[in-house]
Structures are given as C-alpha cells and as structure tokens.
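> Enclosed is the structure file upload.pdb (PDB, C-alpha atoms).
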```
ATOM      1  CA  MET T 910      94.057  89.377  87.902
ATOM      2  CA  SER T 911      93.814  86.113  86.069
ATOM      3  CA  ALA T 912      91.261  83.519  87.036
ATOM      4  CA  PRO T 913      92.387  80.492  89.033
ATOM      5  CA  SER T 914      93.253  77.534  86.866
ATOM      6  CA  LYS T 915      90.859  74.682  86.202
ATOM      7  CA  GLY T 916      93.030  72.417  88.315
ATOM      8  CA  ILE T 917      92.415  74.504  91.440
ATOM      9  CA  ARG T 918      91.260  72.627  94.520
ATOM     10  CA  GLU T 919      87.797  73.181  95.882
ATOM     11  CA  THR T 920      88.311  74.677  99.317
ATOM     12  CA  VAL T 921      85.454  73.101 101.195
ATOM     13  CA  GLY T 922      86.702  69.930 102.842
ATOM     14  CA  LEU T 923      90.257  70.107 101.501
ATOM     15  CA  TYR T 924      93.544  71.146 103.023
ATOM     16  CA  LEU T 925      95.181  73.760 100.790
ATOM     17  CA  GLY T 926      98.609  72.543  99.781
ATOM     18  CA  TYR T 927      98.418  69.398 101.884
ATOM     19  CA  THR T 928      97.555  65.832 101.010
ATOM     20  CA  VAL T 929      94.529  64.824 103.024
ATOM     21  CA  LYS T 930      95.716  61.893 105.093
ATOM     22  CA  PRO T 931      93.794  59.735 107.539
ATOM     23  CA  ASN T 932      96.641  60.099 110.060
ATOM     24  CA  VAL T 933      95.980  63.795 110.710
ATOM     25  CA  LYS T 934      93.767  64.161 113.761
ATOM     26  CA  HIS T 935      92.290  67.607 114.488
ATOM     27  CA  GLN T 936      90.931  68.098 118.017
ATOM     28  CA  PRO T 937      88.815  71.252 118.566
ATOM     29  CA  VAL T 938      88.852  71.103 122.376
ATOM     30  CA  LEU T 939      90.415  72.628 125.445
ATOM     31  CA  ALA T 940      91.481  69.331 126.969
ATOM     32  CA  LEU T 941      90.553  65.764 126.206
ATOM     33  CA  VAL T 942      91.615  62.176 126.206
ATOM     34  CA  SER T 943      91.832  61.142 122.583
ATOM     35  CA  PRO T 944      91.848  57.580 121.236
ATOM     36  CA  LEU T 945      94.536  56.702 118.659
ATOM     37  CA  SER T 946      94.170  53.596 116.548
ATOM     38  CA  LEU T 947      95.808  54.480 113.262
ATOM     39  CA  CYS T 948      98.432  51.802 113.018
ATOM     40  CA  GLY T 949      95.877  50.127 110.787
ATOM     41  CA  GLU T 950      93.711  47.027 110.789
ATOM     42  CA  ALA T 951      96.672  44.930 109.634
ATOM     43  CA  TYR T 952      98.241  45.343 113.068
ATOM     44  CA  GLU T 953      95.132  44.557 115.093
ATOM     45  CA  GLY T 954      95.955  42.176 117.963
ATOM     46  CA  GLN T 955      99.714  42.528 117.437
ATOM     47  CA  GLU T 956     102.284  43.854 119.879
ATOM     48  CA  VAL T 957     102.506  47.552 119.024
ATOM     49  CA  PHE T 958     104.581  50.209 120.793
ATOM     50  CA  TRP T 959     104.133  53.979 120.566
ATOM     51  CA  ARG T 960     106.382  57.025 120.602
ATOM     52  CA  ASN T 961     105.563  60.715 120.869
ATOM     53  CA  GLU T 962     108.113  62.861 119.017
ATOM     54  CA  GLY T 963     110.527  59.950 119.136
ATOM     55  CA  GLN T 964     110.147  59.368 122.881
ATOM     56  CA  GLU T 965     108.601  56.087 124.005
ATOM     57  CA  ILE T 966     105.353  56.333 125.939
ATOM     58  CA  ASP T 967     104.003  53.865 128.442
ATOM     59  CA  GLN T 968     101.198  52.476 126.300
ATOM     60  CA  GLN T 969     100.973  49.494 123.972
ATOM     61  CA  GLY T 970      98.557  48.023 121.463
ATOM     62  CA  ASN T 971      96.820  49.237 118.349
ATOM     63  CA  HIS T 972      94.397  51.352 120.427
ATOM     64  CA  ILE T 973      95.739  53.799 122.996
ATOM     65  CA  GLN T 974      94.482  56.881 124.853
ATOM     66  CA  VAL T 975      96.477  60.110 124.800
ATOM     67  CA  THR T 976      95.788  63.249 126.813
ATOM     68  CA  VAL T 977      95.759  66.427 124.752
ATOM     69  CA  GLU T 978      95.805  69.642 126.770
ATOM     70  CA  GLU T 979      95.901  73.244 125.575
ATOM     71  CA  LEU T 980      98.980  73.711 123.369
ATOM     72  CA  THR T 981     100.162  70.107 123.398
ATOM     73  CA  GLY T 982      99.753  67.806 120.441
ATOM     74  CA  GLY T 983     102.374  65.857 118.581
ATOM     75  CA  ASN T 984     103.393  63.215 116.139
ATOM     76  CA  TYR T 985     102.590  59.776 117.553
ATOM     77  CA  SER T 986     104.311  56.900 115.768
ATOM     78  CA  CYS T 987     103.662  53.192 116.256
ATOM     79  CA  HIS T 988     106.301  50.464 115.983
ATOM     80  CA  ASP T 989     106.430  46.663 116.045
ATOM     81  CA  SER T 990     108.244  44.582 118.643
ATOM     82  CA  ASN T 991     111.523  45.014 116.733
ATOM     83  CA  GLY T 992     111.184  48.794 116.793
ATOM     84  CA  SER T 993     110.371  49.096 113.093
ATOM     85  CA  PHE T 994     108.163  52.026 112.115
ATOM     86  CA  LEU T 995     104.594  51.074 111.175
ATOM     87  CA  ASN T 996     102.536  54.243 110.964
ATOM     88  CA  HIS T 997     101.970  57.597 112.623
ATOM     89  CA  THR T 998      99.230  59.976 113.736
ATOM     90  CA  LEU T 999      99.682  63.746 113.785
ATOM     91  CA  VAL T1000      97.526  65.240 116.561
ATOM     92  CA  LEU T1001      96.687  68.937 116.144
ATOM     93  CA  VAL T1002      94.881  70.962 118.807
ATOM     94  CA  GLN T1003      92.401  73.791 118.326
ATOM     95  CA  LEU T1004      91.782  75.805 121.476
ATOM     96  CA  LEU T1005      88.229  76.786 122.331
ATOM     97  CA  ASN T1006      87.148  79.727 124.436
ATOM     98  CA  GLU T1007      84.796  79.408 127.372
ATOM     99  CA  PHE T1008      81.801  79.443 125.028
ATOM    100  CA  GLY T1009      83.145  76.487 123.063
ATOM    101  CA  ASN T1010      82.744  78.122 119.654
ATOM    102  CA  GLY T1011      86.320  77.830 118.414
ATOM    103  CA  THR T1012      87.133  81.528 118.700
ATOM    104  CA  PHE T1013      90.566  82.168 120.145
ATOM    105  CA  LEU T1014      91.264  84.324 123.142
ATOM    106  CA  HIS T1015      92.958  87.554 122.120
ATOM    107  CA  PHE T1016      96.399  86.680 123.448
ATOM    108  CA  PHE T1017      96.557  83.744 121.060
ATOM    109  CA  ARG T1018      95.916  85.901 117.987
ATOM    110  CA  ASP T1019      99.256  86.223 116.208
ATOM    111  CA  LEU T1020      97.744  86.410 112.733
ATOM    112  CA  ARG T1021      95.891  89.393 111.285
ATOM    113  CA  LEU T1022      93.514  88.968 108.377
ATOM    114  CA  LYS T1023      94.402  91.841 106.071
ATOM    115  CA  ASP T1024      92.400  93.160 103.159
ATOM    116  CA  CYS T1025      90.239  91.115 100.872
ATOM    117  CA  THR T1026      90.155  92.975  97.559
ATOM    118  CA  SER T1027      88.702  92.586  94.079
ATOM    119  CA  ARG T1028      89.787  94.643  91.088
ATOM    120  CA  ASN T1029      86.310  94.418  89.500
ATOM    121  CA  TYR T1030      82.983  92.571  89.714
ATOM    122  CA  SER T1031      84.070  89.418  87.879
ATOM    123  CA  GLY T1032      83.827  87.260  91.017
ATOM    124  CA  ILE T1033      87.621  87.011  91.461
ATOM    125  CA  PHE T1034      88.999  88.269  94.763
ATOM    126  CA  HIS T1035      92.161  88.006  96.833
ATOM    127  CA  CYS T1036      92.508  87.727 100.620
ATOM    128  CA  SER T1037      95.742  87.998 102.581
ATOM    129  CA  TRP T1038      96.949  87.707 106.158
ATOM    130  CA  LYS T1039     100.021  88.641 108.131
ATOM    131  CA  TRP T1040     101.684  87.028 111.113
ATOM    132  CA  SER T1041     102.966  89.020 114.037
ATOM    133  CA  GLU T1042     106.713  89.446 114.356
ATOM    134  CA  GLY T1043     108.477  86.537 116.001
ATOM    135  CA  ARG T1044     106.009  83.846 114.986
ATOM    136  CA  ARG T1045     104.862  82.440 111.680
ATOM    137  CA  GLY T1046     102.541  79.524 111.091
ATOM    138  CA  ASP T1047     101.205  77.988 107.930
ATOM    139  CA  LEU T1048      97.865  77.911 106.157
ATOM    140  CA  PHE T1049      96.320  74.543 106.933
ATOM    141  CA  PHE T1050      92.712  74.634 105.775
ATOM    142  CA  ALA T1051      90.375  77.195 104.212
ATOM    143  CA  ALA T1052      86.664  77.291 103.469
ATOM    144  CA  VAL T1053      85.062  80.066 101.408
ATOM    145  CA  THR T1054      81.304  79.975 100.849
ATOM    146  CA  ARG T1055      78.279  82.206 100.435
ATOM    147  CA  SER T1056      76.231  82.451 103.627
ATOM    148  CA  SER T1057      73.218  81.231 101.652
ATOM    149  CA  GLY T1058      74.914  77.867 101.185
ATOM    150  CA  GLN T1059      74.390  78.197  97.414
ATOM    151  CA  SER T1060      77.861  78.889  96.033
ATOM    152  CA  ASN T1061      80.609  77.548  93.822
ATOM    153  CA  ILE T1062      83.827  79.146  95.068
ATOM    154  CA  SER T1063      87.287  77.735  94.466
ATOM    155  CA  CYS T1064      90.596  79.060  95.791
ATOM    156  CA  ALA T1065      94.340  78.574  95.472
ATOM    157  CA  ALA T1066      96.983  79.576  98.010
ATOM    158  CA  ASP T1067      99.635  82.130  97.073
ATOM    159  CA  ALA T1068     103.152  80.823  96.535
ATOM    160  CA  ASP T1069     104.303  82.246  99.872
ATOM    161  CA  ARG T1070     101.075  81.083 101.568
ATOM    162  CA  SER T1071     100.350  84.566 102.906
ATOM    163  CA  GLY T1072      97.055  84.769 101.043
ATOM    164  CA  MET T1073      94.868  83.141  98.426
ATOM    165  CA  ILE T1074      93.021  83.990  95.227
ATOM    166  CA  CYS T1075      89.433  82.842  94.818
ATOM    167  CA  LEU T1076      86.795  82.684  92.101
ATOM    168  CA  ASP T1077      83.057  82.710  92.741
ATOM    169  CA  ARG T1078      81.715  81.053  89.601
ATOM    170  CA  THR T1079      78.085  81.894  90.432
ATOM    171  CA  HIS T1080      78.642  85.619  90.983
ATOM    172  CA  CYS T1081      76.850  87.897  88.492
ATOM    173  CA  PRO T1082      78.170  91.483  88.262
ATOM    174  CA  TYR T1083      74.839  92.788  86.911
ATOM    175  CA  THR T1084      72.602  91.678  89.798
ATOM    176  CA  GLU T1085      72.354  92.607  93.461
ATOM    177  CA  GLU T1086      74.655  90.636  95.766
ATOM    178  CA  LEU T1087      72.197  89.228  98.299
ATOM    179  CA  HIS T1088      74.417  87.034 100.468
ATOM    180  CA  PRO T1089      77.868  87.762 101.926
ATOM    181  CA  ILE T1090      80.940  85.589 101.513
ATOM    182  CA  ASP T1091      82.118  83.736 104.610
ATOM    183  CA  LEU T1092      85.866  83.145 104.803
ATOM    184  CA  THR T1093      87.216  80.702 107.387
ATOM    185  CA  ILE T1094      90.878  79.810 107.556
ATOM    186  CA  TYR T1095      92.733  77.483 109.869
ATOM    187  CA  VAL T1096      96.437  78.064 110.347
ATOM    188  CA  LYS T1097      98.874  75.666 111.973
ATOM    189  CA  TYR T1098     101.625  76.714 114.337
ATOM    190  CA  TRP T1099     103.604  73.840 115.812
ATOM    191  CA  TYR T1100     100.797  71.458 116.872
ATOM    192  CA  ARG T1101      98.194  74.122 117.391
ATOM    193  CA  VAL T1102      95.406  74.977 114.929
ATOM    194  CA  GLU T1103      93.895  78.472 115.059
ATOM    195  CA  LYS T1104      90.676  79.578 113.416
ATOM    196  CA  TYR T1105      90.057  83.004 111.845
ATOM    197  CA  THR T1106      86.923  84.251 110.111
ATOM    198  CA  LYS T1107      85.879  87.180 107.938
ATOM    199  CA  GLN T1108      82.623  88.091 106.186
ATOM    200  CA  PHE T1109      82.276  90.470 103.241
ATOM    201  CA  TYR T1110      80.526  91.309  99.979
ATOM    202  CA  ILE T1111      82.462  91.640  96.729
ATOM    203  CA  ALA T1112      80.800  95.040  96.312
ATOM    204  CA  GLY T1113      82.422  96.097  99.569
ATOM    205  CA  ILE T1114      85.976  95.060  98.674
ATOM    206  CA  VAL T1115      86.213  96.355  95.105
ATOM    207  CA  LYS T1116      89.376  98.363  94.486
ATOM    208  CA  PRO T1117      89.936  99.424  90.862
ATOM    209  CA  ASP T1118      93.333  99.136  89.221
ATOM    210  CA  ARG T1119      95.249 102.305  88.398
ATOM    211  CA  VAL T1120      93.752 104.537  85.710
ATOM    212  CA  ARG T1121      95.522 104.873  82.351
ATOM    213  CA  LEU T1122      96.971 108.372  82.543
ATOM    214  CA  ARG T1123      98.715 110.459  79.889
ATOM    215  CA  LYS T1124      99.815 114.046  79.443
ATOM    216  CA  ALA T1125      97.714 115.420  76.577
ATOM    217  CA  HIS T1126      99.337 118.792  75.970
ATOM    218  CA  GLY T1127     100.918 121.492  78.105
ATOM    219  CA  ASN T1128      99.695 120.990  81.659
ATOM    220  CA  THR T1129      96.527 119.139  80.630
ATOM    221  CA  PHE T1130      96.195 115.482  81.614
ATOM    222  CA  GLU T1131      93.734 112.840  80.399
ATOM    223  CA  TRP T1132      92.990 109.351  81.651
ATOM    224  CA  GLU T1133      90.892 106.277  80.904
ATOM    225  CA  TYR T1134      89.203 103.661  83.044
ATOM    226  CA  PRO T1135      91.449 100.728  84.035
ATOM    227  CA  SER T1136      91.514  98.054  81.339
ATOM    228  CA  THR T1137      90.424  95.499  83.958
ATOM    229  CA  TRP T1138      87.293  97.434  84.983
ATOM    230  CA  ASN T1139      83.833  96.156  84.069
ATOM    231  CA  ILE T1140      81.956  97.511  81.080
ATOM    232  CA  PRO T1141      79.871  99.412  80.179
ATOM    233  CA  ASP T1142      81.102 102.509  82.019
ATOM    234  CA  SER T1143      77.535 103.733  82.387
ATOM    235  CA  PHE T1144      76.619 100.679  84.484
ATOM    236  CA  PHE T1145      79.922 100.636  86.428
ATOM    237  CA  PRO T1146      80.770 104.336  86.820
ATOM    238  CA  LEU T1147      83.939 105.599  88.498
ATOM    239  CA  HIS T1148      84.670 108.992  89.944
ATOM    240  CA  PHE T1149      88.147 110.414  90.422
ATOM    241  CA  GLU T1150      90.351 112.289  92.797
ATOM    242  CA  VAL T1151      93.187 114.437  91.451
ATOM    243  CA  LYS T1152      96.067 115.959  93.358
ATOM    244  CA  VAL T1153      98.853 118.383  92.465
ATOM    245  CA  ALA T1154     101.810 117.623  94.733
ATOM    246  CA  PRO T1155     105.339 119.050  94.993
ATOM    247  CA  LEU T1156     107.667 117.568  92.407
ATOM    248  CA  ASN T1157     110.072 116.150  95.001
ATOM    249  CA  LYS T1158     107.259 114.378  96.925
ATOM    250  CA  ASP T1159     104.964 111.460  96.168
ATOM    251  CA  CYS T1160     101.197 111.301  95.688
ATOM    252  CA  ASP T1161     100.543 110.752  99.392
ATOM    253  CA  ALA T1162     102.068 114.121 100.235
ATOM    254  CA  GLU T1163      99.863 117.124 100.954
ATOM    255  CA  GLY T1164      98.801 119.053  97.875
ATOM    256  CA  GLU T1165      95.931 120.648  95.972
ATOM    257  CA  GLN T1166      93.200 117.996  95.843
ATOM    258  CA  SER T1167      89.874 117.811  93.987
ATOM    259  CA  ARG T1168      87.076 115.310  93.257
ATOM    260  CA  VAL T1169      86.046 115.193  89.594
ATOM    261  CA  GLN T1170      83.736 113.192  87.341
ATOM    262  CA  LYS T1171      85.416 114.127  84.070
ATOM    263  CA  ARG T1172      88.536 112.419  82.730
ATOM    264  CA  THR T1173      90.608 115.477  81.967
ATOM    265  CA  PHE T1174      92.230 118.102  84.154
ATOM    266  CA  SER T1175      94.380 121.176  83.519
ATOM    267  CA  VAL T1176      96.950 122.253  86.115
ATOM    268  CA  SER T1177      97.335 126.005  86.623
ATOM    269  CA  ARG T1178     100.953 125.710  87.700
ATOM    270  CA  ARG T1179     103.559 126.065  85.012
ATOM    271  CA  LYS T1180     106.245 123.725  86.339
ATOM    272  CA  ASN T1181     107.664 121.768  89.276
ATOM    273  CA  PHE T1182     104.648 119.654  90.168
ATOM    274  CA  LEU T1183     103.563 116.030  90.283
ATOM    275  CA  PHE T1184     100.076 115.247  88.947
ATOM    276  CA  CYS T1185      98.245 112.340  90.611
ATOM    277  CA  VAL T1186      94.873 110.715  89.952
ATOM    278  CA  ARG T1187      93.009 107.740  91.432
ATOM    279  CA  SER T1188      89.526 106.252  91.053
ATOM    280  CA  GLN T1189      86.704 104.815  93.137
ATOM    281  CA  ASP T1190      83.426 103.058  92.365
ATOM    282  CA  THR T1191      80.806 105.814  92.313
ATOM    283  CA  LEU T1192      77.964 103.612  93.546
ATOM    284  CA  THR T1193      79.542 101.539  96.329
ATOM    285  CA  LYS T1194      82.196 104.017  97.564
ATOM    286  CA  SER T1195      84.486 101.050  98.290
ATOM    287  CA  GLY T1196      88.289 101.210  98.066
ATOM    288  CA  TRP T1197      90.256 103.845  96.159
ATOM    289  CA  SER T1198      92.702 102.648  93.528
ATOM    290  CA  GLU T1199      96.411 103.301  93.882
ATOM    291  CA  TRP T1200      97.574 106.690  92.624
ATOM    292  CA  GLU T1201      98.758 107.027  89.037
ATOM    293  CA  GLN T1202     101.170 109.889  88.448
ATOM    294  CA  ARG T1203     102.889 111.973  85.785
ATOM    295  CA  LYS T1204     105.349 114.869  85.922
TER     296      LYS T1204
END
```
Could you take the file, read its structure, and then write that structure out as structure tokens?

Amino acid sequence: MSAPSKGIRETVGLYLGYTVKPNVKHQPVLALVSPLSLCGEAYEGQEVFWRNEGQEIDQQGNHIQVTVEELTGGNYSCHDSNGSFLNHTLVLVQLLNEFGNGTFLHFFRDLRLKDCTSRNYSGIFHCSWKWSEGRRGDLFFAAVTRSSGQSNISCAADADRSGMICLDRTHCPYTEELHPIDLTIYVKYWYRVEKYTKQFYIAGIVKPDRVRLRKAHGNTFEWEYPSTWNIPDSFFPLHFEVKVAPLNKDCDAEGEQSRVQKRTFSVSRRKNFLFCVRSQDTLTKSGWSEWEQRK
C-alpha cells in the first residue's frame, strides 16, 4: 500500500472531492426556518427573486426565510428582475434523533461502514463502506483524528468513492498506541446528509499481506513474511495457519488444519491436495491474511 501523495487534502474541515463553496448550507436539524442571503452583497437592496429547483417561490429580496423539514432541502437560486441567474444556495439537511446528537435512526441507515484495515504498522490504513441495494449516495465530508486531539492524519478518497486511504504521520510502530482513531464521514443522498462514525486502533485492524510461499521439494513447503510487513521479525512476530484441502476445492473448504510458528511444513499426502497458509500478528491477534496456496 503506497502512502498518500503529498498533494492529499487534509480531511479536517474539507470536503473530499468537492470545492468548498460558501453557497453550500448544511443544516443539522430536524426542522427549522433557515435564512438565505447568498445572492451576495452586490445585490443588497435590489429586486431579487428566488426559485427552488427551478420553481418560483413566493419570497423576494436578498434575505429570505425557507422552511427545511426532515428530508427536504434543495437548490435555491436567486434571479434579478429580468430573470437572469445571479447565484444559488444548496441546502442540505442532516436529521437528528430525539437526543439531538446527529445519530440517525436505524431505518435511515442505508450505508454500512465495512472494514478498516492496515497491512502493517506504518500508519497507513484503508476504510471502506457499502450502500444498501437500491440506493447509493456520495461521500461528502470526512474527518479522521486521534481522540487525543494530537494527530496529523490525511486522507484521499478512492476513485469510486467507496472508501479512502489515510496516513497518520505521527504514528510510531515501536511505541504503544495510547489513543484510538475517530473516523467520521458524512455522505450525501439527494439533499440529505447522513453521519456515520467508527473508532479503532491501528493495532486492532492490522491484516498482513499474503505470505511468500514456495514448494521447496517433494511435498515440503516453505514461506517468508510478507514483503510489506514491519521489521525486525522478532519485534513484529507472525504465526501461521496451514491447511491441506482437496485439490478441486479452495482454501476456505474443510481440510486438515494446523497452527504453526515455523515457516516450513511437510504434507503427508502424496498427491491430489491443495496446500494453503495464512498469517496473523502473534501479539495483537488481529485479522488473518488472505490464504496463499500451492498445488
């Protein structure tokens, strides 16, 4: 996993993939009357007309009041007396629950935060999410920080915007991780903004890459640590799981399975088998790597 580029945007206070514009208005409320005055100072005192999604509304002037309820928001555009376009304000709505803390009621949750994973202790990690079938929104804003408030984390959205890769520049792989990472993402669906959160430690999401496996001789197999794993091995030890599965199956099929510390294994069978091996951090017992296999 390569590190994010130097041109990556800092996540705190920025919209990933969007230009931050003054005419985006985010309302974290159940229902409110919101003032709009974004035609600009140049139009102060002039005759200004407004439209919501192209439909004229019964309000005039540079300052108007609009009622925003539940799922309603919209693109409000202002026009001069000749009907010429002047400016616009995009009103987005974030629903609050009865406690007012921005957490959505369950029937609004159409997005599932999937795994956050890291292939080592370098401070680079990847988080992804998945929309439910029949609805797909878009990543609108993300903030990733250490709960201590002392952090320097930058992120970049994936090309398909179904996840993001982040780098914690202050993370040290040789010291204890004292404070968890707080991930907050806002996703936009139509004119609604939804908030999702997740908290984790890098030590808890580590998932090594596949081991480097080879057939040494006969039915004896040998393997090495992943090239992306931290060194030295003595400080970042891995243990392994081996499996002998039927030749016409894959590594997830039932088969003879063993946990080993060594990096070599001899299969007693003579033929018609699939040899599989995967690794896990010995100290944290976090995620297993994907299986590596040989016939």
> Starting from the shown file, work through the PyMOL selection byres ((chain T and resi 1027-1035) around 9) and note down what comes out as an MDAnalysis selection string.
chainID T and resid 910:913 1024:1026 1036:1037 1072:1083 1111:1112 1114:1118 1137:1139 1198
> Quick check, in Å to one decimal: how far apart do atom CA of T:Leu999 and atom CA of T:Ala1068 lie?
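We find that atom CA of T:Leu999 and atom CA of T:Ala1068 lie 24.5 Å from each other.
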> I'd like to see the residues matched by the PyMOL selection byres ((chain T and resi 1096-1098) around 9) on this file, and ideally I'd get them as a list of chain:residue names.
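Residues picked by the PyMOL selection byres ((chain T and resi 1096-1098) around 9): T:Leu1001, T:Leu1020, T:Arg1044, T:Arg1045, T:Gly1046, T:Asp1047, T:Leu1048, T:Phe1049, T:Phe1050, T:Ala1051, T:Ile1094, T:Tyr1095, T:Trp1099, T:Tyr1100, T:Arg1101, T:Val1102, T:Glu1103, T:Lys1104, T:Tyr1105.
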> Mind pulling up the distance from atom CA of T:Arg1123 to atom CA of T:Ala1162?
20.9 Å
> If you count all atoms listed in the file, which residues fall within 8 Å of T:Arg1203, apart from same-chain ones fewer than 4 positions away, as a PyMOL selection string?
chain T and resi 1122-1124+1183-1185
> With the file shown as input, list the residues that the PyMOL selection byres ((chain T and resi 996) around 7) selects, as a ChimeraX atom specification.
/T:948,986-987,994-995,997
> Within 10 Å of (97.2, 108.3, 93.8), in the coordinates the file gives, what residues turn up when you count all atoms listed in the file, written out as a ChimeraX atom specification?
/T:1119-1120,1149-1152,1159-1162,1184-1188,1197-1202
> How many Å lie between atom CA of T:Gln955 and atom CA of T:Gly992, rounded to one decimal?
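According to the coordinates, atom CA of T:Gln955 and atom CA of T:Gly992 are separated by 13.1 Å.
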> Determine the nearest neighbour of T:Arg1168 from the options T:Phe1130, T:His1148, T:Leu1092, T:Ser1041, counting only C-alpha atoms.
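Distance minimum relative to T:Arg1168 lands on T:His1148.
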> For T:Glu953, which residue out of T:Asn1128, T:Gly983, T:Thr1173, T:Asp989 is the nearest one, using all atoms listed in the file?
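Looking only at the distances to T:Glu953, the closest residue turns out to be T:Asp989.
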> From the list T:Asn1181, T:Arg1172, T:Lys1107, T:Glu1165, which residue is nearest T:Arg1121 when using all atoms listed in the file?
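Under the stated criterion, the closest residue is T:Arg1172.
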> In terms of the shortest atom-to-atom distance over all atoms listed in the file, which of T:Cys1064, T:Val957, T:Ala1154, T:Val1169 is closest to T:Gly970?
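Smallest distance to T:Gly970 is found for T:Val957.
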> Which one of T:Ile973, T:Val1000, T:Ala1125, T:Leu1192 sits closest to T:Asp1142 if you count all atoms listed in the file?
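Ranked by minimum distance to T:Asp1142, first place goes to T:Leu1192.
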> Looking at T:Glu962, T:Gly1164, T:Lys1171, T:Phe1145, which one is nearest to T:Trp1132, with distances taken over only C-alpha atoms?
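Nearest candidate to T:Trp1132 out of T:Glu962, T:Gly1164, T:Lys1171, T:Phe1145: T:Lys1171.
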